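Novice: Structure file structure-v3.txt, compact mmCIF, C-alpha atoms, is pasted below:
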```txt
# COMPACT_ATOMS: atom_id res chain seq x y z
CA MET G 289 -155.68 151.66 -271.73
CA ALA G 290 -153.19 149.67 -269.70
CA SER G 291 -149.76 149.33 -271.22
CA ALA G 292 -149.22 146.14 -273.22
CA LYS G 293 -147.15 143.40 -271.62
CA LEU G 294 -145.11 140.71 -273.42
CA GLU G 295 -145.11 137.17 -272.07
CA GLY G 296 -143.08 134.17 -273.25
CA CYS G 297 -145.93 131.64 -273.07
CA ASP G 298 -148.41 130.03 -275.42
CA ARG G 299 -151.51 131.40 -273.71
CA PRO G 300 -153.83 133.55 -275.86
CA LYS G 301 -153.39 137.27 -275.30
CA GLU G 302 -155.93 139.17 -273.27
CA GLU G 303 -157.32 141.97 -275.41
CA GLY G 304 -156.20 145.43 -274.35
CA ALA G 305 -153.96 144.16 -271.57
CA ARG G 306 -151.25 141.75 -272.66
CA VAL G 307 -149.49 140.66 -275.83
CA CYS G 308 -147.91 137.20 -275.88
CA ILE G 309 -144.35 137.35 -277.19
CA ASN G 310 -145.03 134.32 -279.36
CA ASP G 311 -147.71 136.29 -281.17
CA ALA G 312 -145.57 139.39 -281.49
CA LEU G 313 -142.35 137.79 -282.86
CA THR G 314 -141.83 135.58 -285.87
CA ASP G 315 -139.51 132.57 -285.94
CA ASP G 316 -136.83 134.58 -287.75
CA GLU G 317 -137.00 137.33 -285.12
CA LEU G 318 -136.67 134.80 -282.30
CA ARG G 319 -133.68 133.23 -284.08
CA ALA G 320 -132.10 136.69 -284.22
CA VAL G 321 -132.56 136.97 -280.44
CA LEU G 322 -131.03 133.49 -279.96
CA ARG G 323 -127.97 134.41 -282.00
CA GLN G 324 -127.22 137.24 -279.58
CA LEU G 325 -126.68 134.72 -276.78
CA GLU G 326 -122.99 133.78 -276.82
CA LYS G 327 -122.81 131.33 -273.90
CA GLU G 328 -124.12 127.81 -274.41
CA GLU G 329 -125.81 127.91 -270.99
CA GLU G 330 -127.83 130.96 -272.02
CA ARG G 331 -128.88 129.28 -275.27
CA ASP G 332 -130.03 126.23 -273.30
CA LEU G 333 -132.12 128.46 -271.01
CA PHE G 334 -133.69 130.00 -274.11
CA GLY G 335 -135.04 126.55 -274.99
CA LEU G 336 -136.74 126.18 -271.59
CA VAL G 337 -139.23 129.03 -272.17
CA CYS G 338 -141.72 126.96 -274.18
CA LYS G 339 -141.93 124.23 -276.81
CA ARG G 340 -141.66 126.66 -279.68
CA TRP G 341 -138.48 128.21 -278.32
CA LEU G 342 -137.05 124.74 -277.64
CA ARG G 343 -137.68 123.77 -281.27
CA LEU G 344 -135.96 126.90 -282.53
CA GLN G 345 -133.03 126.47 -280.15
CA SER G 346 -132.61 122.85 -281.26
CA THR G 347 -132.63 123.63 -284.98
CA GLU G 348 -130.08 126.42 -284.48
CA ARG G 349 -127.62 124.35 -282.45
CA ARG G 350 -124.34 123.77 -284.27
CA ARG G 351 -122.08 122.14 -281.65
CA LEU G 352 -122.66 119.24 -279.28
CA ARG G 353 -120.53 117.17 -276.88
CA ALA G 354 -122.17 113.93 -275.79
CA ARG G 355 -121.87 110.34 -274.65
CA ALA G 356 -124.63 108.36 -276.26
CA GLY G 357 -125.50 105.02 -277.83
CA PRO G 358 -127.31 104.44 -281.13
CA ALA G 359 -130.83 105.07 -279.76
CA MET G 360 -129.92 108.38 -278.16
CA LEU G 361 -127.90 109.42 -281.22
CA ARG G 362 -130.99 108.92 -283.40
CA ARG G 363 -133.02 111.14 -281.09
CA MET G 364 -130.27 113.74 -281.15
CA ALA G 365 -130.19 113.66 -284.94
CA ASP G 366 -133.93 114.35 -285.04
CA ARG G 367 -133.68 117.18 -282.53
CA PHE G 368 -130.51 118.86 -283.87
CA PRO G 369 -130.72 118.63 -287.69
CA GLY G 370 -128.34 121.56 -288.19
CA LEU G 371 -125.47 120.12 -286.12
CA VAL G 372 -122.06 120.61 -287.73
CA GLU G 373 -119.70 119.74 -284.84
CA LEU G 374 -120.00 116.57 -282.75
CA ASP G 375 -117.59 115.72 -279.94
CA LEU G 376 -117.67 112.11 -278.71
CA SER G 377 -114.11 112.09 -277.39
CA GLN G 378 -113.33 110.23 -274.18
CA SER G 379 -110.90 110.64 -271.32
CA ALA G 380 -107.38 109.34 -271.91
CA SER G 381 -107.45 107.50 -268.58
CA ARG G 382 -111.06 106.34 -268.33
CA SER G 383 -113.67 105.29 -270.89
CA PHE G 384 -117.39 104.67 -270.51
CA TYR G 385 -118.79 101.24 -271.42
CA PRO G 386 -119.20 100.20 -274.20
CA GLY G 387 -117.74 103.41 -275.63
CA VAL G 388 -118.23 104.66 -279.17
CA THR G 389 -118.67 101.80 -281.65
CA ASP G 390 -118.93 101.35 -285.39
CA SER G 391 -122.70 101.07 -284.95
CA ASP G 392 -122.71 104.57 -283.47
CA LEU G 393 -120.76 105.89 -286.43
CA ALA G 394 -123.31 104.37 -288.81
CA VAL G 395 -126.08 106.28 -286.99
CA ILE G 396 -124.01 109.48 -287.04
CA ALA G 397 -123.34 109.19 -290.77
CA ALA G 398 -127.01 108.61 -291.53
CA GLY G 399 -128.47 111.18 -289.12
CA PHE G 400 -126.06 114.13 -289.15
CA ARG G 401 -125.69 114.74 -292.87
CA ASN G 402 -124.40 118.30 -292.36
CA LEU G 403 -121.59 117.21 -290.04
CA ARG G 404 -118.28 118.97 -290.64
CA VAL G 405 -116.31 118.23 -287.44
CA LEU G 406 -116.15 114.87 -285.61
CA ASP G 407 -113.96 114.22 -282.55
CA LEU G 408 -113.44 110.56 -281.63
CA GLN G 409 -110.26 110.96 -279.61
CA ASN G 410 -109.53 108.00 -277.27
CA CYS G 411 -112.49 105.95 -278.55
CA LYS G 412 -110.41 102.79 -278.34
CA GLY G 413 -112.82 100.22 -276.97
CA GLU G 414 -111.15 99.58 -273.64
CA ILE G 415 -112.12 99.99 -269.98
CA PHE G 416 -109.78 101.91 -267.71
CA TRP G 417 -109.42 102.09 -263.96
CA PRO G 418 -106.95 104.42 -262.26
CA HIS G 419 -104.32 101.72 -261.72
CA VAL G 420 -105.49 98.73 -263.75
CA LYS G 421 -106.18 98.50 -267.47
CA LEU G 422 -108.36 95.58 -268.55
CA ARG G 423 -109.30 94.75 -272.11
CA LEU G 424 -112.84 93.73 -272.91
CA ASP G 425 -111.71 90.29 -274.04
CA LEU G 426 -110.86 89.44 -270.41
CA TYR G 427 -114.59 89.58 -269.71
CA PHE G 428 -116.17 88.38 -272.96
CA LYS G 429 -115.20 85.16 -274.72
CA ASP G 430 -117.31 85.77 -277.83
CA ASP G 431 -114.82 87.36 -280.25
CA ASP G 432 -117.61 88.65 -282.47
CA PHE G 433 -119.09 90.53 -279.52
CA VAL G 434 -115.75 92.01 -278.50
CA SER G 435 -115.06 93.27 -282.03
CA GLN G 436 -118.13 95.52 -281.84
CA HIS G 437 -116.49 97.73 -279.23
CA GLY G 438 -114.29 100.64 -280.13
CA VAL G 439 -113.93 102.47 -283.41
CA THR G 440 -112.48 100.36 -286.25
CA ASP G 441 -111.90 100.57 -289.99
CA VAL G 442 -115.52 99.55 -290.57
CA GLY G 443 -116.77 102.74 -288.95
CA MET G 444 -114.19 104.85 -290.78
CA THR G 445 -115.28 103.38 -294.11
CA THR G 446 -118.88 104.28 -293.32
CA LEU G 447 -117.91 107.88 -292.62
CA GLY G 448 -115.94 108.08 -295.85
CA ASN G 449 -118.81 106.69 -297.89
CA VAL G 450 -121.66 108.74 -296.37
CA LEU G 451 -120.18 112.07 -295.16
CA PRO G 452 -118.40 113.69 -298.12
CA SER G 453 -118.66 117.13 -296.46
CA LEU G 454 -116.58 116.11 -293.40
CA GLN G 455 -113.76 118.62 -292.86
CA SER G 456 -112.23 117.65 -289.51
CA LEU G 457 -111.70 114.22 -287.95
CA ASP G 458 -109.79 113.30 -284.78
CA VAL G 459 -109.20 109.59 -284.18
CA SER G 460 -106.15 110.00 -281.95
CA GLN G 461 -105.40 106.92 -279.81
CA CYS G 462 -108.04 104.85 -281.64
CA LYS G 463 -105.91 101.72 -281.66
CA LYS G 464 -108.09 99.70 -284.05
CA VAL G 465 -108.05 102.24 -286.87
CA THR G 466 -105.55 101.48 -289.64
CA ASP G 467 -104.66 102.69 -293.12
CA LYS G 468 -107.61 100.84 -294.61
CA GLY G 469 -110.27 102.88 -292.79
CA LEU G 470 -108.53 106.24 -293.06
CA VAL G 471 -107.78 105.79 -296.75
CA ALA G 472 -111.55 105.39 -297.19
CA VAL G 473 -112.08 108.65 -295.29
CA ALA G 474 -109.48 110.45 -297.42
CA SER G 475 -110.99 109.12 -300.63
CA GLY G 476 -114.56 110.02 -299.71
CA CYS G 477 -114.00 113.33 -297.89
CA SER G 478 -112.16 115.47 -300.42
CA PHE G 479 -112.81 118.66 -298.42
CA LEU G 480 -110.93 117.33 -295.39
CA LYS G 481 -108.90 120.12 -293.75
CA ARG G 482 -107.92 118.58 -290.43
CA LEU G 483 -106.96 115.01 -289.54
CA HIS G 484 -105.42 113.85 -286.26
CA VAL G 485 -104.30 110.23 -285.85
CA THR G 486 -101.91 110.68 -282.92
CA GLY G 487 -100.71 107.40 -281.42
CA SER G 488 -101.98 105.21 -284.27
CA LYS G 489 -98.92 103.03 -284.70
CA SER G 490 -100.45 101.04 -287.57
CA ILE G 491 -100.62 104.11 -289.83
CA THR G 492 -98.12 104.02 -292.71
CA ASP G 493 -97.15 106.01 -295.79
CA GLU G 494 -100.23 104.60 -297.55
CA LEU G 495 -102.43 107.08 -295.71
CA LEU G 496 -100.19 110.00 -296.69
CA LYS G 497 -100.29 108.87 -300.30
CA SER G 498 -104.10 108.84 -300.24
CA LEU G 499 -104.27 112.26 -298.57
CA SER G 500 -101.93 113.68 -301.19
CA LYS G 501 -104.13 112.32 -303.97
CA SER G 502 -107.59 113.11 -302.57
CA CYS G 503 -107.37 115.96 -300.02
CA PRO G 504 -105.69 119.03 -301.57
CA CYS G 505 -107.31 121.31 -298.95
CA LEU G 506 -105.62 119.60 -295.98
CA GLU G 507 -104.23 122.17 -293.53
CA ASP G 508 -103.73 120.42 -290.18
CA LEU G 509 -102.26 116.93 -289.85
CA GLY G 510 -101.38 115.28 -286.52
CA LEU G 511 -99.16 112.20 -286.86
CA ALA G 512 -97.44 112.21 -283.46
CA GLY G 513 -96.36 108.71 -282.48
CA CYS G 514 -97.07 107.20 -285.92
CA ASN G 515 -93.60 105.73 -286.09
CA ASN G 516 -94.13 103.87 -289.38
CA ILE G 517 -94.26 107.15 -291.29
CA THR G 518 -91.13 107.75 -293.40
CA ASP G 519 -89.57 110.52 -295.47
CA THR G 520 -91.09 108.98 -298.59
CA GLY G 521 -94.60 109.38 -297.22
CA LEU G 522 -93.94 112.91 -296.02
CA SER G 523 -92.56 113.94 -299.41
CA THR G 524 -95.54 112.38 -301.17
CA LEU G 525 -97.90 114.24 -298.85
CA ALA G 526 -96.21 117.54 -299.67
CA ASP G 527 -96.64 116.97 -303.41
CA GLY G 528 -100.43 116.96 -303.14
CA CYS G 529 -101.21 118.89 -299.95
CA ARG G 530 -99.46 122.16 -300.63
CA HIS G 531 -101.26 124.32 -298.07
CA ILE G 532 -100.31 122.61 -294.81
CA LYS G 533 -100.49 125.06 -291.89
CA SER G 534 -99.85 122.68 -288.99
CA LEU G 535 -97.88 119.43 -289.01
CA ASP G 536 -97.06 117.28 -285.99
CA VAL G 537 -94.61 114.42 -286.61
CA SER G 538 -93.38 114.16 -283.01
CA LYS G 539 -91.87 110.77 -282.15
CA CYS G 540 -91.98 109.71 -285.81
CA THR G 541 -88.48 108.30 -285.52
CA LYS G 542 -88.06 107.45 -289.22
CA ILE G 543 -88.47 111.08 -290.28
CA SER G 544 -85.27 112.91 -291.21
CA ASP G 545 -84.07 116.09 -292.94
CA VAL G 546 -85.19 114.77 -296.33
CA GLY G 547 -88.91 114.72 -295.54
CA VAL G 548 -88.94 117.88 -293.41
CA SER G 549 -87.04 119.89 -296.01
CA ARG G 550 -89.51 118.84 -298.71
CA VAL G 551 -92.47 119.97 -296.61
CA ALA G 552 -90.73 123.28 -295.84
CA GLU G 553 -90.12 123.91 -299.52
CA VAL G 554 -93.64 123.10 -300.72
CA ALA G 555 -95.66 124.62 -297.84
CA SER G 556 -93.37 127.61 -297.47
CA SER G 557 -95.99 130.36 -297.32
CA SER G 558 -98.61 128.46 -295.31
CA LEU G 559 -96.67 126.48 -292.67
CA LYS G 560 -97.13 128.03 -289.23
CA VAL G 561 -96.83 125.12 -286.78
CA LEU G 562 -94.25 122.34 -287.00
CA LYS G 563 -93.69 119.85 -284.18
CA MET G 564 -90.83 117.34 -284.37
CA LEU G 565 -90.38 116.28 -280.74
CA ASP G 566 -87.82 113.46 -280.38
CA CYS G 567 -87.24 113.17 -284.12
CA PHE G 568 -83.56 112.41 -283.53
CA ARG G 569 -82.77 112.11 -287.25
CA VAL G 570 -83.68 115.76 -287.81
CA GLY G 571 -80.70 118.12 -287.83
CA ASP G 572 -79.42 121.45 -289.10
CA LYS G 573 -80.49 120.85 -292.70
CA SER G 574 -84.17 120.91 -291.68
CA ILE G 575 -83.75 124.11 -289.67
CA PHE G 576 -81.88 125.83 -292.51
CA SER G 577 -84.68 124.78 -294.89
CA LEU G 578 -87.27 126.28 -292.56
CA ALA G 579 -85.23 129.48 -292.36
CA HIS G 580 -84.96 129.63 -296.14
CA PHE G 581 -88.59 128.89 -297.04
CA CYS G 582 -90.94 129.31 -294.03
CA HIS G 583 -90.98 132.95 -292.98
CA ASN G 584 -94.39 132.74 -291.28
CA LEU G 585 -93.52 130.03 -288.76
CA GLU G 586 -95.20 130.65 -285.39
CA THR G 587 -94.59 127.44 -283.41
CA LEU G 588 -91.55 125.19 -283.69
CA VAL G 589 -90.88 122.12 -281.54
CA ILE G 590 -87.48 120.46 -281.97
CA GLY G 591 -87.05 119.06 -278.46
CA GLY G 592 -84.81 116.00 -278.57
CA CYS G 593 -83.34 116.85 -281.99
CA ARG G 594 -79.82 116.55 -280.61
CA ASP G 595 -77.92 117.27 -283.83
CA VAL G 596 -79.32 120.80 -284.20
CA SER G 597 -76.62 123.40 -283.59
CA ASP G 598 -76.21 127.13 -283.04
CA GLU G 599 -75.75 128.18 -286.65
CA SER G 600 -79.11 126.91 -287.89
CA ILE G 601 -80.94 128.33 -284.87
CA LYS G 602 -79.39 131.75 -285.46
CA SER G 603 -80.44 131.65 -289.10
CA LEU G 604 -84.02 130.76 -288.19
CA SER G 605 -84.29 133.44 -285.50
CA LEU G 606 -83.21 136.15 -287.94
CA VAL G 607 -85.74 135.15 -290.61
CA CYS G 608 -88.72 134.36 -288.34
CA CYS G 609 -88.11 137.25 -285.98
CA HIS G 610 -91.57 138.74 -286.56
CA SER G 611 -93.60 135.51 -286.56
CA LEU G 612 -92.10 133.04 -284.05
CA ARG G 613 -94.16 132.86 -280.84
CA SER G 614 -93.50 129.41 -279.35
CA PHE G 615 -90.15 127.64 -279.50
CA ARG G 616 -89.30 124.35 -277.81
CA MET G 617 -85.69 123.21 -278.05
CA ASP G 618 -85.14 121.19 -274.87
CA TRP G 619 -82.52 118.44 -275.09
CA CYS G 620 -80.84 120.15 -278.04
CA LEU G 621 -77.45 119.47 -276.52
CA ASN G 622 -75.40 121.52 -278.98
CA ILE G 623 -77.24 124.79 -278.25
CA THR G 624 -75.11 127.41 -276.49
CA ASP G 625 -75.44 130.98 -275.20
CA SER G 626 -74.89 132.53 -278.63
CA SER G 627 -78.00 131.04 -280.23
CA LEU G 628 -80.14 131.67 -277.14
CA LYS G 629 -79.14 135.36 -277.14
CA CYS G 630 -79.97 135.52 -280.85
CA VAL G 631 -83.42 133.99 -280.33
CA LEU G 632 -84.33 136.23 -277.41
CA SER G 633 -83.03 139.46 -278.91
CA ASN G 634 -84.47 138.97 -282.41
CA CYS G 635 -87.79 137.18 -281.83
CA ARG G 636 -89.56 140.05 -280.10
CA HIS G 637 -92.99 138.36 -280.25
CA LEU G 638 -91.82 135.14 -278.58
CA VAL G 639 -94.15 134.21 -275.70
CA ALA G 640 -93.06 130.64 -274.85
CA LEU G 641 -89.55 129.15 -274.79
CA ASP G 642 -88.26 125.79 -273.57
CA ILE G 643 -84.48 125.34 -273.15
CA GLY G 644 -84.64 122.50 -270.62
CA CYS G 645 -81.63 120.19 -270.41
CA CYS G 646 -79.54 122.41 -272.70
CA ASP G 647 -76.52 122.00 -270.47
CA LYS G 648 -74.21 124.34 -272.44
CA ILE G 649 -76.31 127.41 -271.66
CA THR G 650 -74.91 129.62 -268.90
CA ASP G 651 -75.71 132.85 -267.07
CA SER G 652 -73.87 134.95 -269.64
CA ALA G 653 -76.75 134.61 -272.12
CA PHE G 654 -78.96 136.53 -269.70
CA HIS G 655 -76.30 138.95 -268.41
CA SER G 656 -75.61 140.37 -271.87
CA LEU G 657 -79.31 140.94 -272.61
CA GLU G 658 -79.85 142.67 -269.26
CA MET G 659 -77.10 145.18 -270.00
CA GLY G 660 -78.59 146.06 -273.40
CA GLY G 661 -81.87 147.36 -272.01
CA PHE G 662 -83.75 144.54 -273.73
CA GLU G 663 -87.39 143.75 -272.80
CA SER G 664 -89.01 140.40 -273.60
CA GLN G 665 -92.68 139.45 -274.09
CA LEU G 666 -92.12 135.93 -272.72
CA LYS G 667 -94.98 134.45 -270.70
CA VAL G 668 -93.63 130.89 -270.38
CA LEU G 669 -89.97 130.03 -269.83
CA LYS G 670 -88.82 126.48 -269.13
CA MET G 671 -85.20 125.94 -268.21
CA SER G 672 -85.36 122.84 -266.05
CA ASN G 673 -82.17 120.81 -265.59
CA CYS G 674 -79.92 123.58 -266.96
CA LEU G 675 -76.84 122.67 -264.99
CA LYS G 676 -74.84 125.87 -265.51
CA ILE G 677 -77.51 128.47 -264.80
CA THR G 678 -77.35 130.03 -261.33
CA ILE G 679 -79.38 132.46 -259.26
CA SER G 680 -77.36 135.29 -260.82
CA GLY G 681 -78.61 134.32 -264.28
CA VAL G 682 -82.21 134.12 -263.05
CA GLY G 683 -81.86 137.60 -261.56
CA SER G 684 -80.65 139.01 -264.89
CA MET G 685 -83.44 137.23 -266.75
CA LEU G 686 -86.08 138.77 -264.45
CA GLN G 687 -84.86 142.24 -265.40
CA PHE G 688 -86.08 141.86 -268.98
CA CYS G 689 -88.81 139.19 -268.58
CA LYS G 690 -91.42 141.22 -266.73
CA TYR G 691 -94.50 139.47 -268.15
CA LEU G 692 -93.72 135.91 -267.09
CA GLU G 693 -96.67 133.77 -266.02
CA TYR G 694 -94.83 130.44 -265.68
CA LEU G 695 -91.16 129.79 -264.91
CA ASP G 696 -89.79 126.25 -264.67
CA LEU G 697 -86.60 125.92 -262.59
CA ARG G 698 -86.88 122.25 -261.64
CA SER G 699 -83.70 120.21 -261.27
CA CYS G 700 -81.41 123.23 -261.64
CA PRO G 701 -78.74 122.30 -259.04
CA HIS G 702 -77.66 125.90 -258.34
CA ILE G 703 -81.19 127.31 -257.95
CA THR G 704 -83.49 126.79 -254.96
CA ARG G 705 -86.53 128.56 -253.60
CA LEU G 706 -84.61 129.55 -250.46
CA GLY G 707 -81.64 130.80 -252.49
CA CYS G 708 -83.91 133.03 -254.60
CA GLN G 709 -85.50 134.45 -251.46
CA GLN G 710 -82.13 135.16 -249.85
CA ALA G 711 -80.95 136.89 -253.04
CA GLY G 712 -84.06 139.11 -252.92
CA LEU G 713 -85.29 138.11 -256.39
CA GLN G 714 -88.65 139.64 -257.28
CA PHE G 715 -90.70 137.41 -259.56
CA PRO G 716 -93.63 138.95 -261.49
CA GLU G 717 -96.75 139.01 -259.33
CA CYS G 718 -98.76 136.69 -261.59
CA CYS G 719 -95.86 134.29 -262.24
CA ARG G 720 -96.01 130.67 -261.05
CA THR G 721 -92.45 129.56 -260.35
CA ASN G 722 -91.91 125.80 -260.29
CA PHE G 723 -88.92 124.73 -258.19
CA ASP G 724 -90.01 121.18 -257.34
CA GLY G 725 -91.76 118.16 -258.79
CA SER G 726 -91.04 115.52 -261.39
CA LEU G 727 -89.86 116.55 -264.84
CA GLY G 728 -92.54 114.21 -266.20
CA GLU G 729 -95.33 116.37 -264.83
CA SER G 730 -97.15 118.55 -267.36
CA GLU G 731 -98.76 121.96 -267.02
CA GLY G 732 -101.93 122.84 -268.89
CA MET G 733 -100.72 126.32 -269.72
CA VAL G 734 -97.39 125.02 -271.04
CA ASP G 735 -99.09 122.33 -273.14
CA PHE G 736 -101.21 125.04 -274.76
CA PHE G 737 -98.11 126.71 -276.21
CA PHE G 738 -96.12 123.61 -277.17
```
For this file, write the structure as structure tokens.
Specialist:
Amino acid sequence: MASAKLEGCDRPKEEGARVCINDALTDDELRAVLRQLEKEEERDLFGLVCKRWLRLQSTERRRLRARAGPAMLRRMADRFPGLVELDLSQSASRSFYPGVTDSDLAVIAAGFRNLRVLDLQNCKGEIFWPHVKLRLDLYFKDDDFVSQHGVTDVGMTTLGNVLPSLQSLDVSQCKKVTDKGLVAVASGCSFLKRLHVTGSKSITDELLKSLSKSCPCLEDLGLAGCNNITDTGLSTLADGCRHIKSLDVSKCTKISDVGVSRVAEVASSSLKVLKMLDCFRVGDKSIFSLAHFCHNLETLVIGGCRDVSDESIKSLSLVCCHSLRSFRMDWCLNITDSSLKCVLSNCRHLVALDIGCCDKITDSAFHSLEMGGFESQLKVLKMSNCLKITISGVGSMLQFCKYLEYLDLRSCPHITRLGCQQAGLQFPECCRTNFDGSLGESEGMVDFFF
């Protein structure tokens, strides 16, 4: 008898010759095969074999990124009933018309009842061109029509009322979302673990009060640019949300040592990421509080906190020596060689460091470490606009930073590409060294760490 042959089709098997795979395997067995495919492209190909496999692939899908209106969203809800993560985020520089609307959110709430993660970043109801930004109301005179575009408090209220199992929501740069809509989300989604509202200038302490009362499981809160947040709101948040792991209050200019110290005290064992970029009211008291309470801190951003001094940095580096991995302290103008040496020598797991514009740092910080036989794990080092660092200091740094992947030397007046070549400096083979370009330019790799 000829050996049996498996085929992935719906044709009846020919006796004694072939066995159709759809007859040989049950749905559960096919799902087990599907789960072995890690890449999304491979899982999509699985669904192209036949209608049965497409149905199984659709019911097993958990994540989806899409741009769709209400009609398409309804079809997607029917096809992917098990979806738990939906990404409708848009580009920061260009949005599709008409964008995500409150009507879309009503369909999402009704159709994706198992949804846990929803990303609506940059769904702000505006049209963007590369050089010209035009609001919809320049084209449409009917105010009722214009108000339908973009995500607003109406859509947020719908989510809060219908999706109690929602755990993660990103409405960063959604300009029309205010306290009213997000308070509804906080009140209705008590299992919320992650909330990002970056750039929402209308957010106030009222949201933090609601989160403290209703969302005790909150772990990740992004408030960057919400400059109406105060120490009172931050302290209230800490009273109810005692397991915060990541907090971003960058550019929240009303935040000071009072609020930060309260968070450090309450979330001492859980806090791993704290970002306070350009919070100029934050000083040594906050850093000493972090050193006293938060021994598991992995990422700290204090760029622009100009009152922070050496003593608090030394204290932090001694306590967080085993945990700290990313440290940004550019524009901390009181930082000198002594604290930099302490950070580098004690924080042996540090992989990213930014000391840009710290104009009191000199070559001696690197010379002393070179002589001690020290070896660093740094992958990213930014020291742009460090006026007193020379090629000699860079040469010493390269002796103990052998794993660098990105080195920023922009606007250092004593360091040039030609000067480094003439001095015979050997940069790590995989290291990208940036000598030129605007200080406003960003690097994807650097943004990942900070």
Novice: For a quick check of understanding, using all atoms listed in the file, which of G:Arg306, G:Lys412, G:Lys670, G:Arg636 has the smallest distance to Asp390 of chain G?
Specialist: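 With all atoms listed in the file as the atom set, the closest residue is G:Lys412.
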Novice: Take atom CA of Ile677 of chain G and atom CA of His610 of chain G and report the distance between them in Å, one decimal.
Specialist: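 Taking atom CA of Ile677 of chain G and atom CA of His610 of chain G, their separation equals 27.9 Å.
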Novice: Considering only C-alpha atoms, return as a list of chain:residue names whatever protein or nucleic-acid residues lie within 6 Å of segment 691-704 of chain G, sequence-local ones (same chain, fewer than 6 positions apart) excluded.
Specialist: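 Using only C-alpha atoms, the neighbours found are G:Leu666, G:Lys667, G:Val668, G:Leu669, G:Lys670, G:Met671, G:Ser672, G:Asn673, G:Cys674, G:Leu675, G:Thr678, G:Ile679, G:Cys718, G:Cys719, G:Arg720, G:Thr721, G:Asn722, G:Phe723, G:Asp724.
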Novice: When you draw a straight line from atom CA of Gly335 of chain G to atom CA of Ser379 of chain G, how long is it in Å?
Specialist: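 One can read the atom CA of Gly335 of chain G to atom CA of Ser379 of chain G distance as 29.1 Å.
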Novice: Taking 4 positions as the minimum chain separation for residues in the same chain, which residues sit within 10 Å of segment 396-409 of chain G when counting only C-alpha atoms? Answer as JSON, numbers by chain.
Specialist: {"G": [350, 351, 353, 358, 361, 362, 363, 364, 365, 366, 368, 369, 370, 371, 372, 373, 374, 375, 376, 377, 378, 379, 380, 388, 390, 391, 392, 439, 443, 446, 447, 448, 449, 450, 451, 452, 453, 454, 455, 456, 457, 458, 459, 460, 461, 462, 479, 480, 481, 482, 483, 484, 485, 486]}
Novice: Include C-alpha atoms and write out the residues we just selected as a JSON list (two decimals), in the frame of the given file.
Specialist:
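The resulting file, again.json, is shown below:
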```
[["chain", "number", "residue", "atom", "x", "y", "z"],
["G", 350, "ARG", "CA", -124.34, 123.77, -284.27],
["G", 351, "ARG", "CA", -122.08, 122.14, -281.65],
["G", 353, "ARG", "CA", -120.53, 117.17, -276.88],
["G", 358, "PRO", "CA", -127.31, 104.44, -281.13],
["G", 361, "LEU", "CA", -127.90, 109.42, -281.22],
["G", 362, "ARG", "CA", -130.99, 108.92, -283.40],
["G", 363, "ARG", "CA", -133.02, 111.14, -281.09],
["G", 364, "MET", "CA", -130.27, 113.74, -281.15],
["G", 365, "ALA", "CA", -130.19, 113.66, -284.94],
["G", 366, "ASP", "CA", -133.93, 114.35, -285.04],
["G", 368, "PHE", "CA", -130.51, 118.86, -283.87],
["G", 369, "PRO", "CA", -130.72, 118.63, -287.69],
["G", 370, "GLY", "CA", -128.34, 121.56, -288.19],
["G", 371, "LEU", "CA", -125.47, 120.12, -286.12],
["G", 372, "VAL", "CA", -122.06, 120.61, -287.73],
["G", 373, "GLU", "CA", -119.70, 119.74, -284.84],
["G", 374, "LEU", "CA", -120.00, 116.57, -282.75],
["G", 375, "ASP", "CA", -117.59, 115.72, -279.94],
["G", 376, "LEU", "CA", -117.67, 112.11, -278.71],
["G", 377, "SER", "CA", -114.11, 112.09, -277.39],
["G", 378, "GLN", "CA", -113.33, 110.23, -274.18],
["G", 379, "SER", "CA", -110.90, 110.64, -271.32],
["G", 380, "ALA", "CA", -107.38, 109.34, -271.91],
["G", 388, "VAL", "CA", -118.23, 104.66, -279.17],
["G", 390, "ASP", "CA", -118.93, 101.35, -285.39],
["G", 391, "SER", "CA", -122.70, 101.07, -284.95],
["G", 392, "ASP", "CA", -122.71, 104.57, -283.47],
["G", 439, "VAL", "CA", -113.93, 102.47, -283.41],
["G", 443, "GLY", "CA", -116.77, 102.74, -288.95],
["G", 446, "THR", "CA", -118.88, 104.28, -293.32],
["G", 447, "LEU", "CA", -117.91, 107.88, -292.62],
["G", 448, "GLY", "CA", -115.94, 108.08, -295.85],
["G", 449, "ASN", "CA", -118.81, 106.69, -297.89],
["G", 450, "VAL", "CA", -121.66, 108.74, -296.37],
["G", 451, "LEU", "CA", -120.18, 112.07, -295.16],
["G", 452, "PRO", "CA", -118.40, 113.69, -298.12],
["G", 453, "SER", "CA", -118.66, 117.13, -296.46],
["G", 454, "LEU", "CA", -116.58, 116.11, -293.40],
["G", 455, "GLN", "CA", -113.76, 118.62, -292.86],
["G", 456, "SER", "CA", -112.23, 117.65, -289.51],
["G", 457, "LEU", "CA", -111.70, 114.22, -287.95],
["G", 458, "ASP", "CA", -109.79, 113.30, -284.78],
["G", 459, "VAL", "CA", -109.20, 109.59, -284.18],
["G", 460, "SER", "CA", -106.15, 110.00, -281.95],
["G", 461, "GLN", "CA", -105.40, 106.92, -279.81],
["G", 462, "CYS", "CA", -108.04, 104.85, -281.64],
["G", 479, "PHE", "CA", -112.81, 118.66, -298.42],
["G", 480, "LEU", "CA", -110.93, 117.33, -295.39],
["G", 481, "LYS", "CA", -108.90, 120.12, -293.75],
["G", 482, "ARG", "CA", -107.92, 118.58, -290.43],
["G", 483, "LEU", "CA", -106.96, 115.01, -289.54],
["G", 484, "HIS", "CA", -105.42, 113.85, -286.26],
["G", 485, "VAL", "CA", -104.30, 110.23, -285.85],
["G", 486, "THR", "CA", -101.91, 110.68, -282.92]]
```
